[in-house]
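Visitor: Enclosed is the structure file upload.tsv (TSV, C-alpha atoms and all ligand atoms).
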```
chain	number	residue	atom	x	y	z
Q	1	SER	CA	11.61	127.15	40.83
Q	2	SER	CA	14.82	125.14	41.01
Q	3	TRP	CA	17.27	128.03	40.94
Q	4	TRP	CA	18.22	127.90	44.61
Q	5	LYS	CA	17.53	124.23	45.30
Q	6	SER	CA	21.06	123.55	46.47
Q	7	VAL	CA	21.14	126.47	48.93
Q	8	GLU	CA	21.36	125.32	52.54
Q	9	PRO	CA	20.76	127.76	55.44
Q	10	ALA	CA	23.99	129.47	56.49
Q	11	PRO	CA	25.25	128.72	59.99
Q	12	LYS	CA	24.05	131.23	62.59
Q	13	ASP	CA	26.41	134.01	63.58
Q	14	PRO	CA	27.55	133.00	67.08
Q	15	ILE	CA	27.30	136.56	68.46
Q	16	LEU	CA	23.97	137.57	66.93
Q	17	GLY	CA	22.54	134.20	68.00
Q	18	VAL	CA	23.19	135.10	71.65
Q	19	THR	CA	21.05	138.24	71.36
Q	20	GLU	CA	18.23	136.28	69.72
Q	21	ALA	CA	18.22	133.76	72.56
Q	22	PHE	CA	18.30	136.59	75.14
Q	23	LEU	CA	15.31	138.33	73.55
Q	24	ALA	CA	13.31	135.09	73.55
Q	25	ASP	CA	13.90	134.47	77.29
Q	26	PRO	CA	10.92	135.67	79.40
Q	27	SER	CA	12.86	135.63	82.72
Q	28	PRO	CA	12.91	138.98	84.57
Q	29	ASP	CA	16.44	138.17	85.82
Q	30	LYS	CA	17.96	137.81	82.35
Q	31	VAL	CA	21.26	139.53	81.60
Q	32	ASN	CA	22.86	140.04	78.18
Q	33	VAL	CA	26.65	140.21	78.34
Q	34	GLY	CA	27.06	138.94	74.80
Q	35	VAL	CA	26.50	142.07	72.79
Q	36	GLY	CA	29.48	144.23	71.79
Q	37	ALA	CA	27.70	147.55	72.19
Q	38	TYR	CA	27.90	150.04	75.03
Q	39	ARG	CA	25.07	150.25	77.57
Q	40	ASP	CA	24.60	152.78	80.37
Q	41	ASP	CA	24.23	151.79	84.02
Q	42	ASN	CA	20.53	151.11	83.39
Q	43	GLY	CA	21.42	148.70	80.60
Q	44	LYS	CA	20.14	151.12	77.95
Q	45	PRO	CA	21.81	151.98	74.59
Q	46	VAL	CA	23.29	155.48	74.53
Q	47	VAL	CA	23.28	158.31	72.00
Q	48	LEU	CA	26.05	160.73	72.96
Q	49	ASP	CA	25.18	164.40	73.62
Q	50	CYS	CA	27.83	165.50	71.11
Q	51	VAL	CA	26.05	163.38	68.48
Q	52	ARG	CA	22.65	164.86	69.38
Q	53	GLU	CA	24.08	168.37	69.05
Q	54	ALA	CA	25.80	167.57	65.74
Q	55	GLU	CA	22.53	166.17	64.41
Q	56	ARG	CA	20.73	169.34	65.46
Q	57	ARG	CA	23.29	171.39	63.55
Q	58	ILE	CA	23.11	169.36	60.37
Q	59	ALA	CA	19.31	168.95	60.39
Q	60	GLY	CA	17.74	170.47	57.31
Q	61	SER	CA	21.02	170.38	55.39
Q	62	SER	CA	20.15	170.90	51.76
Q	63	PHE	CA	22.96	168.64	50.62
Q	64	MET	CA	21.95	165.04	50.11
Q	65	GLU	CA	23.89	164.27	46.97
Q	66	TYR	CA	26.59	161.62	46.65
Q	67	LEU	CA	29.81	161.94	48.55
Q	68	PRO	CA	32.90	161.42	46.40
Q	69	MET	CA	34.01	157.77	46.04
Q	70	GLY	CA	36.58	158.30	48.78
Q	71	GLY	CA	33.96	159.80	51.10
Q	72	SER	CA	33.95	163.02	53.10
Q	73	VAL	CA	37.33	164.73	52.79
Q	74	LYS	CA	36.78	166.64	56.02
Q	75	MET	CA	35.77	163.55	57.99
Q	76	VAL	CA	38.77	161.61	56.69
Q	77	GLU	CA	41.16	164.44	57.56
Q	78	GLU	CA	39.90	164.65	61.16
Q	79	THR	CA	39.99	160.87	61.45
Q	80	LEU	CA	43.62	160.69	60.36
Q	81	LYS	CA	44.55	163.25	63.04
Q	82	LEU	CA	43.14	160.91	65.71
Q	83	ALA	CA	45.28	158.00	64.58
Q	84	TYR	CA	48.48	159.65	63.32
Q	85	GLY	CA	48.50	162.65	65.69
Q	86	GLU	CA	47.02	166.15	65.57
Q	87	ASN	CA	50.17	167.69	64.07
Q	88	SER	CA	51.40	164.76	62.04
Q	89	GLU	CA	53.91	165.67	59.34
Q	90	LEU	CA	52.68	162.67	57.36
Q	91	ILE	CA	49.26	164.28	56.99
Q	92	LYS	CA	50.83	167.61	55.94
Q	93	ASP	CA	53.09	165.79	53.47
Q	94	LYS	CA	50.03	163.99	52.05
Q	95	ARG	CA	51.70	160.61	52.50
Q	96	ILE	CA	48.54	158.85	53.68
Q	97	ALA	CA	46.09	157.30	51.21
Q	98	ALA	CA	42.76	157.35	53.03
Q	99	VAL	CA	39.11	156.76	52.20
Q	100	GLN	CA	35.91	156.79	54.23
Q	101	SER	CA	34.83	153.20	54.82
Q	102	LEU	CA	31.71	151.32	55.86
Q	103	SER	CA	32.82	151.40	59.48
Q	104	GLY	CA	35.64	149.16	60.72
Q	105	THR	CA	34.38	146.05	58.95
Q	106	GLY	CA	34.32	147.85	55.61
Q	107	ALA	CA	37.82	149.23	56.19
Q	108	CYS	CA	39.17	145.73	56.88
Q	109	ARG	CA	37.40	144.30	53.84
Q	110	LEU	CA	38.60	147.05	51.51
Q	111	PHE	CA	42.14	146.51	52.73
Q	112	ALA	CA	41.88	142.74	52.30
Q	113	ASP	CA	40.72	143.23	48.70
Q	114	PHE	CA	43.52	145.73	48.09
Q	115	GLN	CA	46.06	143.29	49.53
Q	116	LYS	CA	44.77	140.53	47.27
Q	117	ARG	CA	44.85	142.74	44.17
Q	118	PHE	CA	48.42	143.98	44.58
Q	119	HIS	CA	49.99	141.10	46.51
Q	120	PRO	CA	48.00	138.17	45.08
Q	121	ASP	CA	50.27	135.53	46.60
Q	122	SER	CA	50.39	137.02	50.09
Q	123	GLN	CA	48.85	135.66	53.29
Q	124	ILE	CA	47.55	137.34	56.43
Q	125	TYR	CA	48.68	136.45	59.96
Q	126	ILE	CA	45.79	136.69	62.42
Q	127	PRO	CA	46.00	136.41	66.25
Q	128	VAL	CA	44.53	133.48	68.20
Q	129	PRO	CA	41.89	134.27	69.13
Q	130	THR	CA	40.50	137.24	67.23
Q	131	TRP	CA	37.20	138.89	66.33
Q	132	ALA	CA	35.49	136.09	64.41
Q	133	ASN	CA	34.66	138.30	61.45
Q	134	HIS	CA	38.36	138.79	60.63
Q	135	HIS	CA	38.39	135.20	59.38
Q	136	ASN	CA	35.33	135.79	57.20
Q	137	ILE	CA	36.70	139.04	55.79
Q	138	TRP	CA	40.04	137.69	54.61
Q	139	ARG	CA	38.41	134.42	53.50
Q	140	ASP	CA	35.98	136.25	51.24
Q	141	ALA	CA	38.85	138.37	49.89
Q	142	HIS	CA	40.59	135.06	48.99
Q	143	VAL	CA	43.66	135.79	51.11
Q	144	PRO	CA	45.00	132.64	52.81
Q	145	GLN	CA	45.19	132.90	56.59
Q	146	ARG	CA	47.91	131.94	59.03
Q	147	THR	CA	47.70	132.43	62.78
Q	148	TYR	CA	50.03	133.75	65.43
Q	149	HIS	CA	50.09	133.11	69.18
Q	150	TYR	CA	48.52	135.87	71.23
Q	151	TYR	CA	46.56	134.80	74.30
Q	152	HIS	CA	47.90	132.59	77.06
Q	153	PRO	CA	45.01	130.61	78.62
Q	154	GLU	CA	46.88	129.92	81.88
Q	155	THR	CA	47.95	133.47	82.65
Q	156	LYS	CA	44.88	134.91	80.91
Q	157	GLY	CA	47.34	137.45	79.56
Q	158	LEU	CA	49.59	137.89	76.55
Q	159	ASP	CA	51.65	134.99	75.19
Q	160	PHE	CA	54.47	137.38	74.40
Q	161	ALA	CA	57.11	134.71	73.80
Q	162	GLY	CA	54.83	132.82	71.42
Q	163	LEU	CA	53.91	136.03	69.64
Q	164	MET	CA	57.53	137.07	69.14
Q	165	ASP	CA	58.49	133.59	67.90
Q	166	ASP	CA	55.71	133.64	65.32
Q	167	ILE	CA	56.76	137.09	64.12
Q	168	LYS	CA	60.33	135.83	63.75
Q	169	ASN	CA	59.34	132.57	62.07
Q	170	ALA	CA	56.96	134.09	59.51
Q	171	PRO	CA	58.49	134.56	56.05
Q	172	ASN	CA	60.05	138.02	55.66
Q	173	GLY	CA	57.58	140.58	54.35
Q	174	SER	CA	54.41	138.97	55.73
Q	175	PHE	CA	51.14	140.80	56.39
Q	176	PHE	CA	50.07	140.84	60.05
Q	177	LEU	CA	46.72	141.90	61.47
Q	178	LEU	CA	47.20	143.67	64.82
Q	179	HIS	CA	44.53	144.99	67.18
Q	180	ALA	CA	45.71	148.53	67.97
Q	181	CYS	CA	44.08	148.54	71.43
Q	182	ALA	CA	41.39	146.76	73.46
Q	183	HIS	CA	41.91	143.40	71.76
Q	184	ASN	CA	38.63	141.65	70.98
Q	185	PRO	CA	37.76	139.14	72.43
Q	186	THR	CA	40.52	138.90	75.06
Q	187	GLY	CA	40.90	142.44	76.41
Q	188	VAL	CA	44.64	141.72	76.49
Q	189	ASP	CA	46.99	144.33	74.96
Q	190	PRO	CA	50.79	144.36	74.78
Q	191	SER	CA	52.46	146.88	77.12
Q	192	GLU	CA	54.28	149.87	75.68
Q	193	GLU	CA	57.62	148.08	76.07
Q	194	GLN	CA	56.26	145.00	74.35
Q	195	TRP	CA	54.90	147.09	71.47
Q	196	LYS	CA	58.38	148.54	71.05
Q	197	GLU	CA	59.85	145.06	70.79
Q	198	ILE	CA	57.13	143.98	68.37
Q	199	SER	CA	57.77	147.05	66.23
Q	200	TYR	CA	61.51	146.37	66.24
Q	201	GLN	CA	61.01	142.78	65.15
Q	202	PHE	CA	58.59	143.83	62.40
Q	203	LYS	CA	61.33	146.12	61.11
Q	204	VAL	CA	63.91	143.34	61.14
Q	205	LYS	CA	61.53	141.03	59.27
Q	206	GLY	CA	60.11	143.63	56.90
Q	207	HIS	CA	56.53	142.67	57.84
Q	208	PHE	CA	53.53	144.83	56.98
Q	209	PRO	CA	51.41	145.76	60.02
Q	210	PHE	CA	47.70	146.26	59.48
Q	211	PHE	CA	46.07	147.79	62.56
Q	212	ASP	CA	42.43	147.20	63.29
Q	213	MET	CA	41.55	150.08	65.63
Q	214	ALA	CA	37.88	149.58	66.44
Q	215	TYR	CA	38.11	150.85	70.02
Q	216	GLN	CA	40.23	154.03	70.07
Q	217	GLY	CA	39.30	155.80	73.33
Q	218	PHE	CA	37.40	152.83	74.68
Q	219	ALA	CA	40.40	151.19	76.33
Q	220	SER	CA	41.82	153.95	78.52
Q	221	GLY	CA	39.18	156.64	78.02
Q	222	ASP	CA	41.69	158.74	76.07
Q	223	PRO	CA	41.95	158.32	72.26
Q	224	GLU	CA	45.48	159.74	72.36
Q	225	ARG	CA	46.68	157.10	74.82
Q	226	ASP	CA	44.93	154.33	72.90
Q	227	ALA	CA	46.90	155.30	69.77
Q	228	LYS	CA	50.17	154.48	71.52
Q	229	ALA	CA	50.94	151.36	69.47
Q	230	ILE	CA	50.45	153.29	66.22
Q	231	ARG	CA	52.70	156.09	67.43
Q	232	ILE	CA	55.45	153.60	68.33
Q	233	PHE	CA	55.31	152.09	64.84
Q	234	LEU	CA	55.34	155.61	63.37
Q	235	GLU	CA	58.46	156.51	65.33
Q	236	ASP	CA	60.15	153.41	63.98
Q	237	GLY	CA	59.39	154.51	60.42
Q	238	HIS	CA	57.06	151.69	59.38
Q	239	LEU	CA	54.64	151.83	56.50
Q	240	PHE	CA	51.31	150.35	57.58
Q	241	GLY	CA	47.54	150.38	57.22
Q	242	ILE	CA	44.81	151.28	59.74
Q	243	ALA	CA	41.11	150.48	59.94
Q	244	GLN	CA	39.28	153.04	62.09
Q	245	SER	CA	35.69	152.96	63.27
Q	246	TYR	CA	33.30	155.33	65.03
Q	247	ALA	CA	30.91	152.54	65.97
Q	248	LYS	CA	32.03	152.23	69.58
Q	249	ASN	CA	33.81	155.45	70.49
Q	250	MET	CA	31.07	157.72	69.10
Q	251	GLY	CA	28.24	155.21	69.48
Q	252	LEU	CA	27.56	155.45	65.73
Q	253	TYR	CA	27.20	151.66	65.29
Q	254	GLY	CA	24.46	151.70	62.69
Q	255	GLN	CA	25.74	154.73	60.80
Q	256	ARG	CA	28.63	152.68	59.39
Q	257	VAL	CA	31.28	155.37	59.46
Q	258	GLY	CA	34.99	154.66	59.51
Q	259	CYS	CA	38.20	155.09	57.58
Q	260	LEU	CA	40.82	152.98	55.84
Q	261	SER	CA	44.26	154.53	55.56
Q	262	VAL	CA	47.50	153.28	54.05
Q	263	LEU	CA	50.71	155.12	54.88
Q	264	CYS	CA	52.84	155.46	51.74
Q	265	GLU	CA	56.41	156.39	50.85
Q	266	ASP	CA	55.48	159.74	49.32
Q	267	GLU	CA	52.57	161.79	48.01
Q	268	LYS	CA	52.74	160.29	44.53
Q	269	GLN	CA	52.37	156.77	45.91
Q	270	ALA	CA	49.54	157.89	48.19
Q	271	VAL	CA	47.63	159.35	45.23
Q	272	ALA	CA	48.02	156.08	43.33
Q	273	VAL	CA	46.99	153.93	46.31
Q	274	LYS	CA	43.95	156.10	47.06
Q	275	SER	CA	42.80	155.90	43.44
Q	276	GLN	CA	43.04	152.11	43.58
Q	277	LEU	CA	41.09	151.96	46.86
Q	278	GLN	CA	38.39	154.04	45.22
Q	279	GLN	CA	38.36	151.75	42.24
Q	280	LEU	CA	37.81	148.78	44.56
Q	281	ALA	CA	34.97	150.60	46.33
Q	282	ARG	CA	33.18	151.69	43.14
Q	283	PRO	CA	31.73	148.33	42.04
Q	284	MET	CA	30.96	147.30	45.65
Q	285	TYR	CA	29.01	150.31	46.96
Q	286	SER	CA	29.96	153.24	44.73
Q	287	ASN	CA	30.39	155.73	47.56
Q	288	PRO	CA	29.93	155.70	51.33
Q	289	PRO	CA	26.95	157.10	53.28
Q	290	LEU	CA	26.69	160.78	54.08
Q	291	HIS	CA	24.91	161.19	57.40
Q	292	GLY	CA	27.40	159.52	59.74
Q	293	ALA	CA	30.29	161.31	58.04
Q	294	LEU	CA	28.54	164.65	58.61
Q	295	ILE	CA	28.02	163.84	62.29
Q	296	VAL	CA	31.71	162.99	62.73
Q	297	SER	CA	33.07	165.96	60.80
Q	298	THR	CA	30.72	168.32	62.68
Q	299	ILE	CA	31.90	167.00	66.05
Q	300	LEU	CA	35.63	166.83	65.31
Q	301	GLY	CA	35.66	170.09	63.37
Q	302	ASP	CA	34.34	172.08	66.35
Q	303	ALA	CA	36.55	172.52	69.42
Q	304	ASP	CA	33.65	172.55	71.91
Q	305	LEU	CA	31.92	169.53	70.43
Q	306	LYS	CA	35.20	167.65	70.24
Q	307	ASN	CA	35.82	168.34	73.93
Q	308	LEU	CA	32.35	167.15	74.78
Q	309	TRP	CA	33.04	163.96	72.79
Q	310	LEU	CA	36.32	163.37	74.64
Q	311	LYS	CA	34.48	163.72	77.97
Q	312	GLU	CA	31.76	161.33	76.86
Q	313	VAL	CA	34.25	158.69	75.66
Q	314	LYS	CA	35.89	158.87	79.04
Q	315	VAL	CA	32.57	158.43	80.84
Q	316	MET	CA	31.91	155.25	78.82
Q	317	ALA	CA	35.42	153.85	79.38
Q	318	ASP	CA	35.37	154.73	83.08
Q	319	ARG	CA	32.02	153.05	83.63
Q	320	ILE	CA	33.40	149.87	82.08
Q	321	ILE	CA	36.59	150.06	84.15
Q	322	GLY	CA	34.45	150.59	87.28
Q	323	MET	CA	32.38	147.51	86.48
Q	324	ARG	CA	35.56	145.44	86.10
Q	325	THR	CA	36.55	146.38	89.64
Q	326	ALA	CA	33.03	145.72	90.94
Q	327	LEU	CA	32.82	142.28	89.30
Q	328	GLN	CA	36.23	141.24	90.62
Q	329	GLU	CA	35.45	142.50	94.15
Q	330	ASN	CA	32.10	140.71	94.19
Q	331	LEU	CA	33.75	137.42	93.20
Q	332	GLU	CA	36.41	137.86	95.85
Q	333	LYS	CA	33.76	138.60	98.49
Q	334	LEU	CA	32.08	135.32	97.61
Q	335	ARG	CA	35.41	133.67	98.47
Q	336	SER	CA	35.83	132.27	94.98
Q	337	PRO	CA	38.81	129.90	95.06
Q	338	LEU	CA	39.89	131.14	91.63
Q	339	SER	CA	41.91	134.23	90.78
Q	340	TRP	CA	39.88	136.94	89.03
Q	341	GLU	CA	42.65	139.50	88.71
Q	342	HIS	CA	42.50	139.24	84.93
Q	343	ILE	CA	39.12	140.99	85.01
Q	344	THR	CA	40.85	144.25	85.92
Q	345	ASN	CA	44.11	143.52	84.04
Q	346	GLN	CA	42.21	143.18	80.78
Q	347	ILE	CA	41.00	146.32	79.04
Q	348	GLY	CA	38.33	147.57	76.64
Q	349	MET	CA	34.84	146.26	76.16
Q	350	PHE	CA	35.46	142.59	76.87
Q	351	CYS	CA	36.60	140.30	79.64
Q	352	TYR	CA	37.87	136.93	78.49
Q	353	SER	CA	36.78	135.17	81.63
Q	354	GLY	CA	38.36	131.75	81.14
Q	355	MET	CA	35.02	130.01	81.70
Q	356	THR	CA	34.53	126.80	79.72
Q	357	PRO	CA	31.70	126.34	77.18
Q	358	GLU	CA	29.98	124.02	79.71
Q	359	GLN	CA	30.17	126.67	82.43
Q	360	VAL	CA	28.76	129.24	80.01
Q	361	ASP	CA	25.90	126.84	79.19
Q	362	ARG	CA	25.10	126.60	82.92
Q	363	LEU	CA	25.13	130.40	83.23
Q	364	THR	CA	22.59	130.58	80.45
Q	365	ASN	CA	20.41	127.62	81.39
Q	366	GLU	CA	20.34	128.11	85.16
Q	367	PHE	CA	20.81	131.87	85.52
Q	368	HIS	CA	19.49	133.37	82.25
Q	369	ILE	CA	22.86	135.03	81.59
Q	370	TYR	CA	23.72	135.24	77.90
Q	371	LEU	CA	27.23	135.33	76.42
Q	372	THR	CA	29.28	133.59	73.72
Q	373	ARG	CA	30.50	130.07	74.58
Q	374	ASN	CA	34.14	131.20	74.52
Q	375	GLY	CA	33.46	132.83	77.92
Q	376	ARG	CA	33.71	136.39	76.64
Q	377	ILE	CA	31.82	138.80	78.90
Q	378	SER	CA	30.87	142.15	77.41
Q	379	MET	CA	31.65	144.48	80.32
Q	380	ALA	CA	29.39	147.05	78.66
Q	381	GLY	CA	26.41	144.90	79.64
Q	382	VAL	CA	27.39	144.85	83.34
Q	383	THR	CA	25.64	147.40	85.59
Q	384	THR	CA	25.47	148.33	89.26
Q	385	GLY	CA	22.11	146.56	89.23
Q	386	ASN	CA	23.25	143.20	87.83
Q	387	VAL	CA	26.91	142.89	88.87
Q	388	GLY	CA	26.09	141.11	92.14
Q	389	TYR	CA	23.77	138.63	90.41
Q	390	LEU	CA	26.37	138.02	87.69
Q	391	ALA	CA	29.20	137.48	90.19
Q	392	ASN	CA	27.11	135.04	92.19
Q	393	ALA	CA	26.20	133.05	89.08
Q	394	ILE	CA	29.82	132.94	87.88
Q	395	HIS	CA	30.87	131.76	91.33
Q	396	GLU	CA	28.22	129.03	91.33
Q	397	VAL	CA	29.31	127.59	87.98
Q	398	THR	CA	33.08	127.84	88.59
Q	399	LYS	CA	33.48	126.81	92.25
Q	401	LIG	N1	37.23	145.08	64.54
Q	401	LIG	C1	37.00	144.60	65.76
Q	401	LIG	C2	38.12	143.99	66.52
Q	401	LIG	C3	35.73	144.68	66.31
Q	401	LIG	O1	35.51	144.19	67.54
Q	401	LIG	C4	34.68	145.26	65.57
Q	401	LIG	C5	33.32	145.31	66.10
Q	401	LIG	O2	32.89	144.56	66.90
Q	401	LIG	C6	34.99	145.78	64.30
Q	401	LIG	C7	36.28	145.66	63.83
Q	401	LIG	C8	34.05	146.42	63.37
Q	401	LIG	O3	32.98	147.09	63.81
Q	401	LIG	P1	32.23	148.09	62.85
Q	401	LIG	O4	32.22	147.51	61.49
Q	401	LIG	O5	30.88	148.19	63.45
Q	401	LIG	O6	33.01	149.36	62.91
```
Turn the structure described in the file into C-alpha cells.
Guide:
Amino acid sequence: SSWWKSVEPAPKDPILGVTEAFLADPSPDKVNVGVGAYRDDNGKPVVLDCVREAERRIAGSSFMEYLPMGGSVKMVEETLKLAYGENSELIKDKRIAAVQSLSGTGACRLFADFQKRFHPDSQIYIPVPTWANHHNIWRDAHVPQRTYHYYHPETKGLDFAGLMDDIKNAPNGSFFLLHACAHNPTGVDPSEEQWKEISYQFKVKGHFPFFDMAYQGFASGDPERDAKAIRIFLEDGHLFGIAQSYAKNMGLYGQRVGCLSVLCEDEKQAVAVKSQLQQLARPMYSNPPLHGALIVSTILGDADLKNLWLKEVKVMADRIIGMRTALQENLEKLRSPLSWEHITNQIGMFCYSGMTPEQVDRLTNEFHIYLTRNGRISMAGVTTGNVGYLANAIHEVTK
C-alpha cells in the first residue's frame, strides 16, 4: 500500500495538454493549431494513398515473427538512400551503421544512449529553442546539455552570428544536435551558404554533428532538396549520425517507424557500431515493430508506389506553403501594423509567430484557438475554412 506514496503526478506535456483543452471546448468555432500532425483542408487526418496500397499488398502476409534486432534490412536500406543519396558510395561501401528505430524519438534516444556509453564524459549542444522532447531524451540518457544560439526573436529568423560563435567557442570535438530541415518549433533553417559555413566550422573544430531529420520532404515538398544540409556535410567528409522518421512524411505517426544511422570510417567500424546499437536496443524493446517497416519497404521498393509517395508528400507540403501565404495575406488585408513576412519565410510544419504567452492566452480564451504558449502555430491545422478567422483573431490580440 505504501510502495508509491512518494510519487507525485508528473507535469503535463505542454503539447498534449493543448489537444486535451481543445477537445474539451464545446465551441463550434474552435481551431487546433497546436498539434504537430498533418491535416487536410477539411481539418481531417490523412492516410496517404501509397500507404493504403502498400497495406493492401501486405495484407494476409504469413510472416508475423520477430524482425532482427536491427529491424527490417530492406526498410533500412531504402531509408539510407533517402538521406545519403540514391547512389551513395557510402552505402555500397557499407560504411553506415544503421538500425530501424522507434520513429524519430527512438532514433534520438538510441543515439543518446550510444553517445553516453562510448563518450561518457561528453555533452550535447542543443539549439534554443528546440523540440521540447530533445531535452527529455538527452536528460534521461544522462548526457549533460549545453545550448547554442539559433533563433533571433527580433528578425524572427536565424541568429547566424550567435550560432557560429557558439560553434567556435564550444570545446573541440563537441556533440551538436542539428535539425536537418524544417526546424521545430521555429520553421527557420540555415540557407545553403550558411550550411556550408557551419559545415566548415564543424570541420575546423572537430565537432560531431547529429542530425534530427523528422521532416524530410515536408519543408520543400521534395525529400531530395530537404536533404541538402546532409549532402553538404557529406561533401565535406564529416562523420555524423542521423535520426530519420516516417511519422510526418509518410503519415505513419502511430506506426513508430524510423532509422538511426551512424556514418563510420570503414565497414569494420560500421559492423562494430551496429552491433553495439543492437545491444542497446535489446534490453529496451528487443526488436522494432514489423508492420510500419513493411509499409515503408513496400512503398520505397516499388518505383510506382515511390512516385505516388513523392507526389503525396508534395501535396502536403504545398498545402502548408499555400496556407502560409493565405495567413500572411489575410493579416496584411486587415492592415495589421506588424510585419508578418516571417510566416512565409519560415518553412515546414510550424510558424513561430512571435506572439507572447499573454496573446496566446487571449487567442484561446476569447477565440477558442489552441496552440502552445510559445506562439508556435502548426500550419498543418490551418485550412481555407479557418484561415480568415485565425488571421482576424491574431490581428485582434496583436494590434
Ligand atoms: N524530432 C523533431 C524535431 C520532431 O518535431 C519530432 C516530432 O514531432 C520528432 C523528432 C519525432 O517524432 P516521431 O518520434 O514521431 O518520429
Visitor: Just the residues within 6 Å of Q:Arg39, please, counting all atoms listed in the file, with nothing from its chain fewer than 2 positions along; format it as a list of chain:residue names.
Guide: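 Residues near the query, excluding close chain neighbours: Q:Gly43, Q:Lys44, Q:Pro45, Q:Ala380, Q:Gly381.
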Visitor: Within 10 Å of ligand LIG 401 (chain Q), counting only C-alpha atoms and all ligand atoms, which protein or nucleic acid residues do you find, written as a PyMOL selection string?
Guide: chain Q and resi 15+35-37+101-109+130-134+178-185+211-215+243-249+251-259+349-350
Visitor: Write out as a list of chain:residue names which residues come within 7 Å of stretch 353-370 of chain Q when counting all atoms listed in the file, dropping same-chain ones fewer than 4 positions away.
Guide: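 Counting all atoms listed in the file, the residues come to Q:Val18, Q:Phe22, Q:Asp29, Q:Lys30, Q:Val31, Q:Asn32, Q:Val33, Q:Gly34, Q:Asn374, Q:Gly375, Q:Arg376, Q:Ile377, Q:Ala393, Q:Val397, Q:Thr398.
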Visitor: Hey, could you pull the box centre and edge lengths for stretch 383-387 of chain Q, axis-aligned, 5 Å padding per side, all listed atoms, to one decimal in Å, as JSON?
Guide:
```
{"center_x": 24.5, "center_y": 145.6, "center_z": 87.4, "size_x": 14.8, "size_y": 15.4, "size_z": 13.7}
```
Visitor: Could you state the separation of atom CA of Q:Leu371 and atom CA of Q:Trp138 in Å, given to one decimal place?
Guide: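 Separating atom CA of Q:Leu371 from atom CA of Q:Trp138 is a distance of 25.4 Å.
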Visitor: Return the single residue from Q:Leu260, Q:Leu177, Q:Val188, Q:Ala281 that is closest to Q:Gly348, with distances computed using all atoms listed in the file.
Guide: Q:Val188
Visitor: Counting all atoms listed in the file, figure out which residue out of Q:Phe114, Q:Met250, Q:Ser220, Q:Gly70 gets nearest to Q:Ile299.
Guide: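 Residue with the minimum atom-to-atom distance to Q:Ile299: Q:Met250.
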Visitor: Rounded to one decimal, what separation in Å do you get between atom CA of Q:Arg146 and atom CA of Q:Ile126?
Guide: 6.2 Å
Visitor: Do you have the atom CA of Q:Thr79-atom CA of Q:Leu310 distance handy?
Guide: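 Distance reported for this atom pair: 13.9 Å.
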Visitor: Generate the coordinates of N, CA, C and O atoms for stretch 49-60 of chain Q; report them as a compact mmCIF listing (two decimals), keeping the file's coordinate frame.
Guide:
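What follows is the written file part-v4.txt:
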```txt
# COMPACT_ATOMS: atom_id res chain seq x y z
N ASP Q 49 25.66 163.01 73.74
CA ASP Q 49 25.18 164.40 73.62
C ASP Q 49 25.85 165.12 72.45
O ASP Q 49 25.23 165.94 71.78
N CYS Q 50 27.15 164.84 72.23
CA CYS Q 50 27.83 165.50 71.11
C CYS Q 50 27.19 165.09 69.78
O CYS Q 50 27.09 165.91 68.85
N VAL Q 51 26.71 163.86 69.70
CA VAL Q 51 26.05 163.38 68.48
C VAL Q 51 24.70 164.07 68.31
O VAL Q 51 24.34 164.54 67.22
N ARG Q 52 23.95 164.16 69.41
CA ARG Q 52 22.65 164.86 69.38
C ARG Q 52 22.82 166.29 68.88
O ARG Q 52 22.06 166.77 68.05
N GLU Q 53 23.85 166.98 69.42
CA GLU Q 53 24.08 168.37 69.05
C GLU Q 53 24.51 168.47 67.58
O GLU Q 53 24.05 169.34 66.84
N ALA Q 54 25.37 167.56 67.15
CA ALA Q 54 25.80 167.57 65.74
C ALA Q 54 24.60 167.34 64.83
O ALA Q 54 24.44 168.02 63.81
N GLU Q 55 23.71 166.43 65.23
CA GLU Q 55 22.53 166.17 64.41
C GLU Q 55 21.64 167.39 64.33
O GLU Q 55 21.06 167.69 63.28
N ARG Q 56 21.54 168.12 65.46
CA ARG Q 56 20.73 169.34 65.46
C ARG Q 56 21.32 170.33 64.45
O ARG Q 56 20.60 170.96 63.68
N ARG Q 57 22.65 170.42 64.44
CA ARG Q 57 23.29 171.39 63.55
C ARG Q 57 23.17 171.02 62.08
O ARG Q 57 23.14 171.88 61.23
N ILE Q 58 23.15 169.73 61.79
CA ILE Q 58 23.11 169.36 60.37
C ILE Q 58 21.68 169.12 59.88
O ILE Q 58 21.47 168.92 58.68
N ALA Q 59 20.71 169.18 60.80
CA ALA Q 59 19.31 168.95 60.39
C ALA Q 59 18.93 169.98 59.34
O ALA Q 59 19.29 171.16 59.44
N GLY Q 60 18.21 169.54 58.34
CA GLY Q 60 17.74 170.47 57.31
C GLY Q 60 18.81 170.80 56.30
O GLY Q 60 18.59 171.65 55.43
```
